[in-house]
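Notes follow once the structure below has been shown.
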Amino acid sequence: MTNPCNVAMELLGMFIGIGGWFCSLAATIMPQWQSHSTELMASESYEQGLWEACVVQEVAGTECRSYDTILGLGHTLTLARLLICLSDAMCLLGLLLAIPAMSQINCCKGEEGHRTKKGLRITAAVFLCLAGLLVLTPVSYVAHDIVLKFFDETIPHVVPRSEFGDAMFIGWAAGFLDVVASVLLFASSFGSRDYEHRLVYHHQRQEIISVDGSSKKRMEYV
């Protein structure tokens with residue numbers, strides 16, 4: 001019998017990891033990484049993402065266009081593309097490794113199977129932690145670049161200034177969820193075996209007490 005606390009941490013870690021993966025995918029696809037608006041044209045704003053740029057107008061709506069070439073992108077967007085795609089892949093790989101390592105899955109039984117499941121959970125936790133760091137790095141780097149350009153006094157106030165888009169906040173949430181999921185899976189890998197040993201010892205002790213009690217009753221009867 002496994003420790004109920006470890007089972008709860010496994011399930012919670014899996015659900016949080018899945019939520020982090022969906023948030024990371026949303027941040028990858030969404031074009032709202034940077035938002036540009038000016039005081040001269042309040043009815044029009046520009047949004048820039050990793051894969052496309054959009055023009056948002058109150059009358060005409062939103063019109064997006066993909067980037068023509070990768071070579072024309074700045075090093076910031078290129079680095080962000082690479083890291084967040086690696087994060088999506090590593091998070092998915094970590095979740096796939098965590099599924100057979102869960103205590104509810106009836107596979108890898110015995111002492112050797114317990115070691116295998118423990119190794120898979122630790123490996124999944126490492127992959128999720130790396131995925132969280134990989135998604136936090138490009139989002140924080142782009143945010144740092146936006147802050148520097150926003151407070152640059154050499155740029156006239158008429159020129160559109162970049163601001164944080166919705167995708168950046170979703171990216172921060174994805175990184176946080178991935179790290180939390182990795183901590184939960186890592187913590188669930190320890191303590192289950194000690195719990196089983198204590199449970200077996202408790203049952204053996206109860207059996208010994210019951211046997212001693214029955215033997216004393218027989219002696220008194222004789």
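By order in the structure tokens, chains are A, B, ...; within a chain, residues start at 1; ligands start at 1, following the order shown.
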Any idea what's packed within 9 Å of stretch 116-130 of chain A, counting only C-alpha atoms, ignoring anything in its chain fewer than 6 positions away? Could you give it as a VMD selection string?
chain A and resid 10 17 87 90 to 103 107 to 108 175 178 to 190
Using the selection just defined, write its residues with C-alpha atoms as a PDB file, in the first residue's frame.
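Listed below is the output, selection-v2.pdb:
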ATOM      1  CA  GLU A  10       1.671  12.705  -7.791  1.00  0.00           C
ATOM      2  CA  GLY A  17       2.174  20.036 -15.108  1.00  0.00           C
ATOM      3  CA  SER A  87      10.319  24.100 -23.202  1.00  0.00           C
ATOM      4  CA  MET A  90      10.634  18.950 -22.568  1.00  0.00           C
ATOM      5  CA  CYS A  91       7.420  19.557 -20.624  1.00  0.00           C
ATOM      6  CA  LEU A  92       5.546  17.062 -22.812  1.00  0.00           C
ATOM      7  CA  LEU A  93       8.350  14.517 -22.424  1.00  0.00           C
ATOM      8  CA  GLY A  94       8.308  14.972 -18.652  1.00  0.00           C
ATOM      9  CA  LEU A  95       4.558  14.391 -18.493  1.00  0.00           C
ATOM     10  CA  LEU A  96       4.838  11.257 -20.640  1.00  0.00           C
ATOM     11  CA  LEU A  97       7.536   9.902 -18.334  1.00  0.00           C
ATOM     12  CA  ALA A  98       5.454  10.683 -15.253  1.00  0.00           C
ATOM     13  CA  ILE A  99       2.414   8.663 -16.419  1.00  0.00           C
ATOM     14  CA  PRO A 100       3.900   5.127 -16.050  1.00  0.00           C
ATOM     15  CA  ALA A 101       5.687   6.234 -12.861  1.00  0.00           C
ATOM     16  CA  MET A 102       2.475   6.957 -10.984  1.00  0.00           C
ATOM     17  CA  SER A 103       1.463   4.651  -8.149  1.00  0.00           C
ATOM     18  CA  CYS A 107       3.088  -1.903 -13.816  1.00  0.00           C
ATOM     19  CA  CYS A 108       6.668  -2.477 -12.651  1.00  0.00           C
ATOM     20  CA  GLY A 175       7.050  28.531 -15.914  1.00  0.00           C
ATOM     21  CA  ASP A 178       6.116  23.668 -14.376  1.00  0.00           C
ATOM     22  CA  VAL A 179       8.473  24.322 -11.461  1.00  0.00           C
ATOM     23  CA  VAL A 180       5.744  23.590  -8.896  1.00  0.00           C
ATOM     24  CA  ALA A 181       4.838  20.349 -10.698  1.00  0.00           C
ATOM     25  CA  SER A 182       8.493  19.268 -10.710  1.00  0.00           C
ATOM     26  CA  VAL A 183       8.801  19.905  -6.960  1.00  0.00           C
ATOM     27  CA  LEU A 184       5.668  17.856  -6.251  1.00  0.00           C
ATOM     28  CA  LEU A 185       6.804  14.924  -8.386  1.00  0.00           C
ATOM     29  CA  PHE A 186      10.258  15.015  -6.835  1.00  0.00           C
ATOM     30  CA  ALA A 187       8.803  15.102  -3.317  1.00  0.00           C
ATOM     31  CA  SER A 188       6.472  12.180  -4.093  1.00  0.00           C
ATOM     32  CA  SER A 189       9.474  10.013  -4.959  1.00  0.00           C
ATOM     33  CA  PHE A 190      10.581   9.830  -1.325  1.00  0.00           C
TER      34      PHE A 190
END
What are the DSSP strand (DSSP E) residues of stretch 6-167 of chain A, as a PyMOL selection string?
chain A and resi 34-37+44-48+52-57+61-66+161-164
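For the atom pair formed by atom CA of A:Gly165 and atom CA of A:Leu71, the distance is 23.7 Å, given to one decimal.
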Show me, as an mmCIF file with C-alpha atoms, in the first residue's frame, the residues that have an atom within 12 Å of A:Ser162 when counting only C-alpha atoms, minus same-chain residues fewer than 3 positions from it.
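Output file out_23.cif is given in full below:
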data_model
loop_
_atom_site.group_PDB
_atom_site.id
_atom_site.type_symbol
_atom_site.label_atom_id
_atom_site.label_comp_id
_atom_site.auth_asym_id
_atom_site.auth_seq_id
_atom_site.Cartn_x
_atom_site.Cartn_y
_atom_site.Cartn_z
ATOM 1 C CA GLN A 32 0.381 39.273 -27.848
ATOM 2 C CA TRP A 33 3.991 39.292 -26.664
ATOM 3 C CA GLN A 34 4.542 42.994 -27.267
ATOM 4 C CA SER A 35 1.915 45.672 -27.643
ATOM 5 C CA HIS A 36 2.563 49.033 -29.338
ATOM 6 C CA SER A 37 0.260 52.055 -29.213
ATOM 7 C CA THR A 38 0.656 55.795 -29.739
ATOM 8 C CA SER A 45 -2.422 49.408 -31.939
ATOM 9 C CA TYR A 46 0.176 46.851 -32.958
ATOM 10 C CA GLU A 47 0.877 43.445 -31.448
ATOM 11 C CA GLN A 48 3.998 41.406 -32.008
ATOM 12 C CA GLY A 49 4.448 37.725 -31.245
ATOM 13 C CA VAL A 142 11.838 39.975 -23.637
ATOM 14 C CA ALA A 143 10.355 41.774 -20.615
ATOM 15 C CA HIS A 144 13.783 43.175 -19.747
ATOM 16 C CA ASP A 145 14.233 44.401 -23.325
ATOM 17 C CA ILE A 146 10.779 46.039 -23.263
ATOM 18 C CA VAL A 147 11.516 47.846 -19.999
ATOM 19 C CA LEU A 148 14.837 49.167 -21.307
ATOM 20 C CA LYS A 149 13.241 50.512 -24.482
ATOM 21 C CA PHE A 150 10.247 51.936 -22.624
ATOM 22 C CA PHE A 151 12.390 54.098 -20.348
ATOM 23 C CA ASP A 152 14.882 55.065 -23.056
ATOM 24 C CA ILE A 155 13.398 57.776 -28.121
ATOM 25 C CA HIS A 157 7.431 60.180 -27.055
ATOM 26 C CA VAL A 159 7.347 56.814 -31.342
ATOM 27 C CA GLY A 165 1.340 41.612 -23.810
#
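You will find atom CA of A:Leu73 at 9.4 Å from atom CA of A:Leu50.
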Just want the 9 Å neighbourhood of A:Ile84, counted on only C-alpha atoms, with same-chain residues fewer than 6 positions away dropped. Output as JSON, numbers by chain.
{"A": [24, 25, 27, 28, 131, 134, 135, 136, 137, 138, 139]}
Enumerate the residues of stretch 15-210 of chain A with a DSSP assignment of alpha helix (DSSP H), computed from the backbone, and present them as a PyMOL selection string.
chain A and resi 15-29+75-98+110-150+166-188+192-210
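Rounded to one decimal, atom CA of A:Tyr141 and atom CA of A:Ile170 lie 14.7 Å from each other.
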